[in-house]
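Quick look at structure_0.txt (compact mmCIF, C-alpha atoms):
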```
# COMPACT_ATOMS: atom_id res chain seq x y z
CA MET I 1 19.26 103.21 163.43
CA ASN I 2 17.76 106.61 162.53
CA ASN I 3 19.99 108.53 164.92
CA GLY I 4 23.05 109.97 163.33
CA GLU I 5 24.11 112.11 160.43
CA TRP I 6 24.00 111.60 156.72
CA HIS I 7 27.43 111.63 155.11
CA GLN I 8 28.23 111.90 151.45
CA VAL I 9 30.35 108.88 150.66
CA CYS I 10 30.89 108.73 146.91
CA ALA I 11 29.42 109.38 143.50
CA ALA I 12 26.85 106.80 142.42
CA ASP I 13 28.94 105.95 139.39
CA ASP I 14 31.90 105.09 141.59
CA ILE I 15 30.35 101.68 142.24
CA ASP I 16 29.24 99.26 139.54
CA GLU I 17 26.03 97.31 139.88
CA GLU I 18 26.50 94.25 142.13
CA ASP I 19 29.70 95.61 143.56
CA VAL I 20 31.12 96.97 146.78
CA MET I 21 33.43 99.77 147.86
CA GLY I 22 35.07 100.47 151.17
CA PHE I 23 35.39 103.81 152.95
CA GLU I 24 36.66 105.08 156.27
CA TYR I 25 34.93 107.52 158.56
CA ASN I 26 36.18 108.58 161.97
CA GLY I 27 38.74 105.80 161.97
CA LYS I 28 36.16 103.10 161.27
CA TYR I 29 35.92 101.04 158.13
CA TYR I 30 32.62 100.65 156.27
CA ALA I 31 31.38 99.02 153.07
CA ILE I 32 28.87 100.44 150.65
CA TYR I 33 27.13 98.18 148.15
CA ARG I 34 25.21 98.75 144.98
CA LEU I 35 22.77 96.08 143.87
CA LEU I 36 20.97 96.10 140.53
CA GLY I 37 19.68 99.54 139.64
CA ASP I 38 20.27 102.37 142.06
CA ASN I 39 19.80 100.35 145.22
CA PHE I 40 22.53 101.21 147.69
CA TYR I 41 23.20 99.62 151.07
CA ALA I 42 25.91 100.04 153.68
CA SER I 43 27.36 98.02 156.53
CA ASP I 44 30.39 97.74 158.73
CA GLY I 45 33.30 97.05 156.41
CA LEU I 46 35.10 94.22 158.18
CA CYS I 47 34.07 90.58 158.24
CA THR I 48 32.78 89.60 161.68
CA HIS I 49 34.89 86.42 161.54
CA GLU I 50 38.43 87.73 161.23
CA GLN I 51 38.15 91.43 160.44
CA VAL I 52 39.03 91.12 156.76
CA LYS I 53 37.99 93.98 154.48
CA LEU I 54 34.78 93.00 152.73
CA ALA I 55 35.44 95.51 149.96
CA ASP I 56 38.08 93.06 148.70
CA GLY I 57 35.31 90.49 148.19
CA PHE I 58 32.54 90.29 145.63
CA VAL I 59 28.78 90.74 145.56
CA PHE I 60 26.83 87.87 144.05
CA ASN I 61 23.07 87.39 144.30
CA GLY I 62 22.64 90.11 146.90
CA CYS I 63 25.34 88.76 149.20
CA ILE I 64 28.87 89.96 149.90
CA GLN I 65 31.46 87.20 150.03
CA CYS I 66 34.43 87.68 152.32
CA PRO I 67 37.58 87.25 150.24
CA ARG I 68 39.40 85.19 152.85
CA HIS I 69 37.04 82.39 153.86
CA ASN I 70 33.93 82.92 151.79
CA ALA I 71 31.71 83.90 154.69
CA THR I 72 28.66 85.54 153.12
CA PHE I 73 26.40 88.29 154.41
CA ASP I 74 23.09 89.53 153.07
CA VAL I 75 23.85 93.00 151.76
CA LYS I 76 20.40 94.35 152.62
CA THR I 77 20.25 93.13 156.22
CA GLY I 78 23.84 92.32 157.19
CA LYS I 79 22.75 88.82 158.19
CA ALA I 80 25.58 86.28 158.32
CA GLU I 81 24.49 83.57 155.88
CA THR I 82 27.38 81.11 155.88
CA PRO I 83 30.24 80.15 158.23
CA PRO I 84 32.76 80.98 159.43
CA ALA I 85 30.86 84.19 160.14
CA THR I 86 28.27 83.71 162.85
CA VAL I 87 27.77 87.35 163.85
CA ASP I 88 25.73 89.66 161.63
CA LEU I 89 27.14 92.85 160.17
CA ARG I 90 25.72 96.11 161.40
CA SER I 91 23.80 97.75 158.58
CA TYR I 92 23.32 101.47 157.83
CA ARG I 93 20.85 103.30 155.65
CA ALA I 94 22.19 104.46 152.31
CA GLU I 95 20.52 106.65 149.71
CA LYS I 96 21.26 108.07 146.33
CA ARG I 97 20.58 111.78 146.13
CA GLY I 98 21.22 113.20 142.71
CA ASP I 99 24.41 111.60 141.56
CA LYS I 100 25.81 111.20 145.08
CA VAL I 101 25.43 108.46 147.67
CA PHE I 102 24.86 109.23 151.33
CA VAL I 103 25.08 106.93 154.33
CA LEU I 104 23.46 107.52 157.72
CA LEU I 105 26.22 106.99 160.28
CA ASN I 106 25.94 107.18 164.04
CA MET O 1 41.40 87.02 165.84
CA GLN O 2 42.43 89.60 163.26
CA VAL O 3 43.73 89.00 159.78
CA ASN O 4 45.12 91.95 157.90
CA LEU O 5 44.69 90.94 154.29
CA ASP O 6 46.78 93.92 153.23
CA SER O 7 49.86 92.44 154.84
CA TRP O 8 49.71 89.28 152.73
CA TYR O 9 51.15 89.40 149.26
CA THR O 10 48.45 89.79 146.62
CA PRO O 11 49.19 90.03 142.89
CA GLU O 12 47.67 92.71 140.69
CA VAL O 13 44.51 91.44 139.02
CA ASP O 14 41.83 93.47 137.29
CA ARG O 15 38.84 93.43 139.66
CA LYS O 16 36.28 92.65 136.96
CA THR O 17 38.39 89.77 135.69
CA LEU O 18 38.72 88.39 139.20
CA LYS O 19 35.00 88.71 139.79
CA GLU O 20 34.23 86.78 136.61
CA LEU O 21 36.70 84.08 137.64
CA SER O 22 35.04 83.95 141.07
CA ARG O 23 31.63 83.20 139.58
CA ARG O 24 30.46 79.68 140.49
CA SER O 25 28.92 77.21 138.12
CA ASP O 26 26.57 74.28 138.66
CA VAL O 27 27.36 73.06 135.16
CA ASP O 28 31.08 72.67 135.89
CA GLY O 29 30.41 70.97 139.22
CA ILE O 30 27.76 68.59 137.90
CA ARG O 31 29.91 67.64 134.91
CA HIS O 32 32.77 66.89 137.28
CA VAL O 33 30.79 64.64 139.63
CA ILE O 34 29.18 62.75 136.72
CA ILE O 35 32.58 61.94 135.21
CA TYR O 36 34.16 61.27 138.61
CA PHE O 37 31.49 58.90 139.93
CA SER O 38 31.20 57.16 136.54
CA ALA O 39 34.94 56.44 136.62
CA LEU O 40 34.65 55.24 140.22
CA LEU O 41 31.72 52.98 139.31
CA ILE O 42 33.55 51.46 136.34
CA GLY O 43 36.64 50.83 138.46
CA GLY O 44 34.51 49.26 141.18
CA ILE O 45 32.64 47.00 138.75
CA LEU O 46 35.84 45.81 137.12
CA ALA O 47 37.32 45.09 140.56
CA TYR O 48 34.21 43.04 141.37
CA VAL O 49 34.06 41.03 138.15
CA THR O 50 37.77 40.19 138.41
CA TRP O 51 37.47 39.21 142.09
CA GLY O 52 39.35 35.96 142.61
CA SER O 53 41.99 36.70 139.99
CA TRP O 54 45.13 38.81 140.26
CA TRP O 55 43.50 41.39 137.99
CA THR O 56 41.39 42.44 140.95
CA VAL O 57 44.52 43.88 142.61
CA LEU O 58 45.00 46.24 139.68
CA TRP O 59 41.35 47.27 139.55
CA PHE O 60 41.09 47.80 143.30
CA PHE O 61 44.24 49.90 143.10
CA ILE O 62 42.60 52.00 140.39
CA TYR O 63 39.26 52.11 142.25
CA GLY O 64 40.99 53.04 145.49
CA ASN O 65 42.99 55.82 143.92
CA ILE O 66 39.93 57.32 142.25
CA PHE O 67 38.04 56.94 145.54
CA ALA O 68 40.77 58.73 147.49
CA PHE O 69 40.47 61.75 145.17
CA SER O 70 37.03 62.32 146.73
CA ASN O 71 39.21 64.35 149.07
CA SER O 72 39.57 66.96 146.32
CA ILE O 73 35.79 67.30 146.05
CA GLN O 74 35.63 67.50 149.84
CA HIS O 75 38.10 70.36 149.79
CA GLU O 76 36.31 72.36 147.13
CA THR O 77 32.82 71.84 148.58
CA ASN O 78 34.31 72.78 151.95
CA HIS O 79 35.05 76.16 150.37
CA GLY O 80 31.50 76.25 149.01
CA THR O 81 32.80 76.94 145.52
CA PHE O 82 32.35 73.61 143.71
CA PHE O 83 28.76 74.39 142.69
CA ALA O 84 26.77 77.61 142.46
CA SER O 85 23.97 75.93 144.40
CA PRO O 86 24.56 75.87 148.19
CA ARG O 87 22.40 72.74 148.41
CA LEU O 88 24.52 70.83 145.89
CA ASN O 89 27.66 71.97 147.72
CA LEU O 90 26.21 70.69 150.99
CA ILE O 91 25.14 67.31 149.58
CA PHE O 92 28.48 66.57 147.93
CA TRP O 93 30.38 68.00 150.89
CA HIS O 94 28.81 65.33 153.09
CA ILE O 95 29.29 62.54 150.54
CA SER O 96 32.93 63.40 149.85
CA SER O 97 33.70 64.07 153.52
CA PHE O 98 32.60 60.57 154.41
CA MET O 99 34.43 59.02 151.48
CA SER O 100 37.69 60.74 152.43
CA ALA O 101 37.13 60.13 156.16
CA PHE O 102 37.34 63.86 156.78
CA GLU O 103 34.87 64.52 159.56
CA PRO O 104 33.33 67.67 158.08
CA ILE O 105 33.15 70.04 161.06
CA ARG O 106 36.78 69.59 162.12
CA TRP O 107 38.02 69.99 158.56
CA LYS O 108 35.84 72.99 157.85
CA TRP O 109 37.30 74.91 160.77
CA THR O 110 40.90 73.78 160.44
CA HIS O 111 40.75 74.77 156.80
CA PHE O 112 39.67 78.28 157.75
CA VAL O 113 42.80 78.47 159.91
CA HIS O 114 44.90 76.95 157.14
CA HIS O 115 43.85 79.76 154.82
CA SER O 116 44.33 82.49 157.40
CA TYR O 117 47.68 81.24 158.64
CA THR O 118 49.10 79.01 155.95
CA LEU O 119 51.97 76.95 157.35
CA HIS O 120 52.14 79.02 160.51
CA THR O 121 53.46 77.08 163.46
CA LYS O 122 52.21 79.22 166.32
CA ASN O 123 49.45 81.66 167.25
CA PRO O 124 47.53 79.86 165.88
CA TYR O 125 48.98 76.57 164.70
CA ASP O 126 48.03 75.44 161.19
CA PHE O 127 46.80 71.90 161.80
CA GLU O 128 46.94 71.10 158.10
CA ILE O 129 50.74 71.16 157.79
CA GLN O 130 51.46 67.92 155.94
CA VAL O 131 55.17 67.57 156.66
CA THR O 132 55.98 68.82 160.14
CA ARG O 133 59.55 69.61 161.21
CA PRO O 134 61.97 68.20 161.85
CA ALA O 135 60.68 65.99 159.06
CA ASP O 136 60.13 62.30 159.77
CA VAL O 137 61.71 61.13 156.53
CA VAL O 138 60.59 57.50 156.86
CA ALA O 139 57.00 58.55 157.56
CA PHE O 140 57.16 60.90 154.58
CA PHE O 141 58.03 58.09 152.15
CA LEU O 142 55.55 55.67 153.73
CA LYS O 143 52.73 58.06 152.89
CA PHE O 144 52.99 57.08 149.21
CA ILE O 145 52.84 53.33 149.78
CA PRO O 146 49.52 51.47 150.17
CA PHE O 147 48.84 51.00 153.91
CA GLY O 148 52.16 52.74 154.60
CA GLY O 149 50.61 55.46 156.75
CA LEU O 150 49.39 52.83 159.21
CA LEU O 151 52.98 51.96 160.10
CA THR O 152 53.53 55.39 161.62
CA ILE O 153 50.03 56.00 162.98
CA HIS O 154 51.40 56.09 166.53
CA LYS O 155 53.39 59.21 165.62
CA SER O 156 50.65 60.97 163.71
CA PHE O 157 48.60 63.35 165.80
CA HIS O 158 45.92 63.92 163.21
CA TYR O 159 45.67 60.74 161.23
CA VAL O 160 42.08 61.09 160.12
CA HIS O 161 40.61 57.76 161.23
CA LYS O 162 42.43 57.76 164.55
CA GLU O 163 41.35 61.32 165.25
CA THR O 164 37.73 60.68 164.27
CA ILE O 165 37.57 57.67 166.61
CA MET O 166 38.99 59.83 169.42
CA HIS O 167 36.35 62.51 168.78
CA ALA O 168 33.63 59.84 168.65
CA LEU O 169 34.75 58.71 172.10
CA GLY O 170 34.33 62.27 173.35
CA ILE O 171 38.05 62.99 173.64
CA VAL O 172 38.74 66.67 173.08
CA THR O 173 41.90 66.67 170.99
CA PRO O 174 44.12 69.74 170.54
CA VAL O 175 42.82 70.31 167.03
CA LEU O 176 39.23 70.32 168.25
CA GLN O 177 40.06 72.56 171.17
CA GLN O 178 42.15 75.07 169.24
CA THR O 179 40.32 75.42 165.94
CA VAL O 180 36.67 74.47 166.31
CA PRO O 181 34.47 77.00 168.17
CA ALA O 182 32.96 75.60 171.37
CA GLU O 183 29.42 75.73 169.98
CA GLU O 184 30.50 73.66 166.95
CA GLN O 185 32.40 70.97 168.87
CA PRO O 186 29.29 68.88 169.71
CA LYS O 187 28.55 68.74 165.97
CA ALA O 188 32.06 67.44 165.30
CA VAL O 189 31.58 64.75 167.95
CA TRP O 190 28.17 63.83 166.48
CA TRP O 191 29.52 63.47 162.96
CA ALA O 192 32.51 61.51 164.24
CA ARG O 193 30.07 59.07 165.88
CA VAL O 194 28.10 58.77 162.64
CA TYR O 195 31.29 57.95 160.73
CA VAL O 196 32.51 55.41 163.28
CA THR O 197 29.07 53.78 163.35
CA ILE O 198 29.10 53.36 159.57
CA TRP O 199 32.65 52.02 159.68
CA LEU O 200 31.67 49.49 162.37
CA ALA O 201 28.56 48.47 160.42
CA THR O 202 30.72 47.92 157.34
CA ILE O 203 33.16 45.75 159.30
CA VAL O 204 30.26 43.75 160.77
CA LEU O 205 28.86 43.28 157.27
CA SER O 206 32.22 41.97 156.10
CA VAL O 207 32.41 39.56 159.03
CA VAL O 208 28.84 38.34 158.65
CA THR O 209 29.15 37.83 154.88
CA ARG O 210 32.70 36.50 155.26
CA SER O 211 33.76 38.82 152.49
CA TRP O 212 36.46 41.47 152.26
CA LEU O 213 34.41 43.37 149.71
CA PRO O 214 32.47 45.77 152.00
CA VAL O 215 35.62 47.04 153.72
CA LEU O 216 37.57 47.08 150.44
CA TYR O 217 34.93 49.30 148.86
CA ILE O 218 34.06 51.61 151.75
CA ILE O 219 36.75 51.86 154.45
CA LEU O 220 40.04 50.68 153.00
CA PRO O 221 40.34 52.70 149.76
CA ASN O 222 41.95 55.58 151.68
CA PHE O 223 44.53 53.13 153.05
CA TYR O 224 45.41 51.26 149.86
CA GLY O 225 44.49 53.90 147.27
CA GLY O 226 46.07 57.12 148.48
CA THR O 227 49.21 57.01 146.37
CA PHE O 228 48.30 59.46 143.63
CA LEU O 229 46.33 61.78 145.90
CA THR O 230 49.36 61.94 148.20
CA LEU O 231 51.70 62.51 145.26
CA CYS O 232 49.57 65.47 144.23
CA GLY O 233 48.70 66.73 147.71
CA LEU O 234 52.20 66.85 149.15
CA THR O 235 53.32 69.19 146.38
CA GLN O 236 51.18 71.91 147.94
CA HIS O 237 53.64 73.01 150.61
CA ALA O 238 56.31 70.35 151.23
CA GLY O 239 59.81 71.72 151.64
CA LEU O 240 58.69 75.34 151.50
CA ALA O 241 58.87 78.15 154.03
CA GLU O 242 56.84 78.30 157.22
CA ASN O 243 55.56 81.45 158.93
CA GLU O 244 55.61 83.62 155.82
CA ARG O 245 52.90 86.02 154.69
CA ASP O 246 53.58 85.44 151.02
CA HIS O 247 51.96 82.31 149.62
CA ARG O 248 54.54 82.24 146.85
CA LEU O 249 57.12 81.26 149.48
CA SER O 250 55.02 78.68 151.33
CA THR O 251 52.99 77.16 148.53
CA ARG O 252 53.70 75.50 145.20
CA THR O 253 51.96 75.44 141.84
CA VAL O 254 52.59 72.40 139.66
CA ILE O 255 51.42 71.75 136.11
CA LEU O 256 49.77 68.32 135.99
CA ASN O 257 48.55 66.12 133.17
CA PRO O 258 44.80 66.42 132.37
CA VAL O 259 43.78 63.20 134.16
CA LEU O 260 45.44 64.05 137.47
CA SER O 261 44.40 67.68 137.12
CA PHE O 262 40.77 66.58 136.80
CA LEU O 263 40.90 64.12 139.71
CA TYR O 264 42.72 66.67 141.83
CA CYS O 265 40.13 69.36 141.02
CA ARG O 266 42.80 71.74 139.63
CA MET O 267 44.36 72.13 143.08
CA GLU O 268 47.77 71.97 141.46
CA TYR O 269 47.33 75.72 140.97
CA HIS O 270 47.78 75.94 144.66
CA ILE O 271 49.38 79.35 145.06
CA GLU O 272 46.52 80.84 143.09
CA HIS O 273 44.00 78.94 145.21
CA HIS O 274 45.50 80.22 148.45
CA ILE O 275 45.66 83.83 147.36
CA PHE O 276 42.18 83.85 145.83
CA PRO O 277 40.14 81.13 147.58
CA LEU O 278 36.87 82.51 146.20
CA VAL O 279 37.83 81.38 142.70
CA PRO O 280 36.22 77.98 142.00
CA CYS O 281 38.63 75.18 141.13
CA HIS O 282 37.17 75.02 137.64
CA ASN O 283 38.61 78.50 136.92
CA LEU O 284 42.04 78.13 138.51
CA LYS O 285 43.83 77.36 135.26
CA GLN O 286 42.50 80.62 133.80
CA LEU O 287 43.49 82.48 136.96
CA HIS O 288 46.97 81.00 136.67
CA GLU O 289 47.26 82.45 133.16
CA VAL O 290 46.26 85.88 134.47
CA VAL O 291 48.78 86.01 137.35
CA LYS O 292 51.61 83.76 136.21
CA ASP O 293 53.96 86.67 135.46
CA GLN O 294 53.78 87.60 139.14
CA MET O 295 54.30 84.05 140.41
CA PRO O 296 57.34 81.79 140.76
CA ALA O 297 57.80 79.47 137.80
CA PRO O 298 55.53 76.42 138.32
CA ARG O 299 57.05 72.96 138.50
CA LEU O 300 56.30 71.10 135.30
CA GLY O 301 54.90 67.76 136.46
CA LEU O 302 55.21 65.62 139.57
CA ILE O 303 58.73 64.42 138.78
CA SER O 304 59.94 68.00 138.55
CA ALA O 305 58.18 68.86 141.82
CA TYR O 306 59.65 65.88 143.70
CA ARG O 307 63.13 66.66 142.42
CA GLU O 308 63.04 69.63 144.78
CA ILE O 309 60.74 68.19 147.46
CA VAL O 310 62.60 64.94 148.25
CA PRO O 311 66.05 66.49 148.89
CA ALA O 312 64.41 69.29 150.89
CA VAL O 313 62.42 66.93 153.14
CA ILE O 314 65.49 64.73 153.69
CA LYS O 315 67.43 67.83 154.73
CA GLN O 316 64.58 68.96 156.96
CA GLY O 317 64.93 65.65 158.77
CA SER O 318 68.09 66.96 160.39
CA ASP O 319 67.70 70.71 159.90
CA ALA O 320 64.22 71.90 160.87
CA ALA O 321 64.97 75.45 159.77
CA TYR O 322 65.84 74.51 156.20
CA CYS O 323 63.42 75.40 153.42
CA ILE O 324 63.55 75.77 149.65
CA GLN O 325 64.42 79.30 148.57
CA VAL O 326 61.84 80.34 146.01
CA GLN O 327 62.69 82.93 143.38
CA VAL O 328 59.78 85.34 143.02
CA PRO O 329 59.46 87.92 140.24
CA ALA O 330 60.71 91.37 141.24
```

Could you render the structure as C-alpha cells?
Amino acid sequence: MNNGEWHQVCAADDIDEEDVMGFEYNGKYYAIYRLLGDNFYASDGLCTHEQVKLADGFVFNGCIQCPRHNATFDVKTGKAETPPATVDLRSYRAEKRGDKVFVLLN
Amino acid sequence: MQVNLDSWYTPEVDRKTLKELSRRSDVDGIRHVIIYFSALLIGGILAYVTWGSWWTVLWFFIYGNIFAFSNSIQHETNHGTFFASPRLNLIFWHISSFMSAFEPIRWKWTHFVHHSYTLHTKNPYDFEIQVTRPADVVAFFLKFIPFGGLLTIHKSFHYVHKETIMHALGIVTPVLQQTVPAEEQPKAVWWARVYVTIWLATIVLSVVTRSWLPVLYIILPNFYGGTFLTLCGLTQHAGLAENERDHRLSTRTVILNPVLSFLYCRMEYHIEHHIFPLVPCHNLKQLHEVVKDQMPAPRLGLISAYREIVPAVIKQGSDAAYCIQVQVPA
C-alpha cells in the first residue's frame, strides 16, 4: 500500500468531523473520511455491493453506512461489517499536512 | 450489479439535517417494543379468559391483528435501523421474522432488491411487488379478509408459509435463486427448516392437548389477523407505476391515525422511507415535514388511499399497463 503518489485532495475544513466526502482521480471514485479530531482515512468510493457512492451515506461510530442498503464498512480498515456488502473496501493512507489533506493513491 | 443513485430522484435535504434524522436510537426502539408486546399480551390474555364465549372472537381478532404487525418490526430490524444496538436489532429481527413467518434470509435479500429496483419487473425482478399485473382482482380483495389469502394460495408464488415449506424441503424457488447469493442459500434453507419444525411442533401440541389455542396464538394470527396490516401495507405501491426511477411515481405516502401509525412503525411515510432508507422509522414523520414540499400530496387516511387504489386495481385487472398518474411538484 506504500507504492504510489500522494495527492492533495481537499482542505481539512472541507470535511466535518464524522463525515465523508467523495472525489475522483484518474476516472476512479474515492471517499475520504474524517473521524473525531484530525484523523483522516480514505477508501474506494463505491459500495462493494452495488457500486453506490458512499459519500452520499453517513459516518457513525467510525463506520460509513451505504445510503442505499445500509451496508457498513469500518472507515479505518475498509472491512465490510454488515450485509449486503461482503467484500471489503480497499483503503488508502490519508494525512493532514498543514491545512490540506493528502491521500496516497496507486 | 450496478445502481446509479444519481439517476434516481432525490429531493433536496440539508445534509446535516438528514444525518441527524438518520441517527438511530435504542430508546425509541425499546419504547416501541415495550408498548407493542404489552398490547399483544393484553390482547392474548383477554382472548384466553373469554375462551368459550363469543367475546373470544373479538379478542383473537384484536390479538391477531396486533400480532400481524410484527411484520413492521421485522421490516425495520431488517434494515438495521430500529435500534442503535446491532444486537437488539438482531434479536428482534429474529423474533419478528418468526412471528410474521418471514424467513429472515430470503426477506433480507429480496428487500435489498426491492430498494434497489422498486417495482421493477425485469433485470432484476422485484419479488416484493404486492399486486402483480394484470391484477387478480378477486385475490386482491381476499387479502383483507381473515383466511382469505388461503383461497388463492395456488396462484400465489410467494405466499410466505408455502414458500418457506418449499425451501425447508430443499426446493430452490425462483426467489431464492434470483435474489439470495449462493453462499446464503443454505442459511435460508436452515431457517426455513427451523420455522417449519416449530410450526409442526405447535400443531402437534394442539393435537395432543386437543386445543386450538397453540395454533391460534402462534401460527394462525397471520391468517386471521392480517386485515389491518394488509390495509396499511397495500397502500405502499398498489396502483402506481412500475419500472420508474422516481419513488414518487411508484410509492405512496399516507397519513394514518396515531394507533395504526405506531403499529405500522411509521411506514405510511413510504416515499420518504424508500428515498432515504437509512432514516429510522421513528424519524420518518420529521423527514416527511422536511421534504413534503417536494413530494406528491399524501393521501389523508386509508379511505382516501383506497379511493384511488380500488378503481386502479380493478382497471389493472384488464389493463396491465394502467397506473395512477401522480402529480409531482415542479

>> At a cut-off of 9 Å, which residues of chain I touch chain O? Count only C-alpha atoms and give the answer as a count of residues only.
In response: 17

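Distance annotation: of I:Asn61, I:Val87, I:Tyr25, I:Asp38, the residue with the minimal separation from Trp6 (chain I) is I:Tyr25; atom set is only C-alpha atoms.
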
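In this structure, CA of Thr235 (chain O) sits 10.4 Å away from CA of Val310 (chain O).
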
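The neighbours of Pro221 (chain O) here are the residues that come within 7 Å of it, using only C-alpha atoms and leaving out any residue fewer than 4 positions away in the same chain; they are Gly64, Phe67, Ala68, Leu216, Tyr217 and Gly225 of chain O.
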
> Distance CA of Leu35 (chain I)-CA of Glu18 (chain I), one decimal place?
Replying inline: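 Answer for the CA of Leu35 (chain I) to CA of Glu18 (chain I) separation: 4.5 Å.
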
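If you measure from each of O:Leu119, O:Ala192, O:Val160, O:Met295 to Gln327 (chain O) using all atoms listed in the file, the closest one turns out to be O:Met295.
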
>> Ranking O:Tyr306, O:Tyr63, O:Phe82, O:Phe262 by minimum distance to Tyr224 (chain O) and counting only C-alpha atoms, which one comes first?
In response: O:Tyr63

>> Between CA of Ala168 (chain O) and CA of Glu81 (chain I), what is the distance in Å, rounded to a tenth?
In response: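 Computed distance, CA of Ala168 (chain O) to CA of Glu81 (chain I), equals 28.5 Å.
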
> If we count all atoms listed in the file, what is near Lys96 (chain I) at a cut-off of 9 Å, once residues fewer than 6 positions away on the same chain are taken out, given as a list in words?
Replying inline: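 Neighbouring residues, sequence-local ones excluded: Ala11, Ala12, Asp38, Asn39, Phe40, Phe102 and Val103 of chain I.
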
Write a file of the selected residues as a PDB file, keeping the file's coordinate frame, keeping C-alpha atoms.
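Just written: result.pdb:
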```pdb
ATOM      1  CA  ALA I  11      29.420 109.380 143.500  1.00  0.00           C
ATOM      2  CA  ALA I  12      26.850 106.800 142.420  1.00  0.00           C
ATOM      3  CA  ASP I  38      20.270 102.370 142.060  1.00  0.00           C
ATOM      4  CA  ASN I  39      19.800 100.350 145.220  1.00  0.00           C
ATOM      5  CA  PHE I  40      22.530 101.210 147.690  1.00  0.00           C
ATOM      6  CA  PHE I 102      24.860 109.230 151.330  1.00  0.00           C
ATOM      7  CA  VAL I 103      25.080 106.930 154.330  1.00  0.00           C
TER       8      VAL I 103
END
```

> Out of O:Gln185, O:Ser304, O:Ser7, O:Thr251, which residue has the shortest atom-to-atom distance to His237 (chain O) when counting all atoms listed in the file?
Replying inline: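 Ranking O:Gln185, O:Ser304, O:Ser7, O:Thr251 by distance to His237 (chain O), first place goes to O:Thr251.
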
>> Calculated over all atoms listed in the file, which of the candidates O:Tyr195, O:Tyr117, O:Trp93, O:Phe228 has the smallest distance to Asn65 (chain O)?
In response: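 Distance minimum relative to Asn65 (chain O) lands on O:Phe228.
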
> With all atoms listed in the file as the basis for distance, which of O:Asn123, O:Asn78, O:Thr227, O:Thr110 is at the shortest distance from Ile95 (chain O)?
Replying inline: O:Asn78

For Ser96 (chain O), find every residue with an atom within 6 Å (counting all atoms listed in the file), except residues of its own chain fewer than 4 positions away, and show them as a PDB file with C-alpha atoms, in the frame of the given file.
```pdb
ATOM      1  CA  SER O  70      37.030  62.320 146.730  1.00  0.00           C
ATOM      2  CA  GLN O  74      35.630  67.500 149.840  1.00  0.00           C
ATOM      3  CA  PHE O  92      28.480  66.570 147.930  1.00  0.00           C
TER       4      PHE O  92
END
```
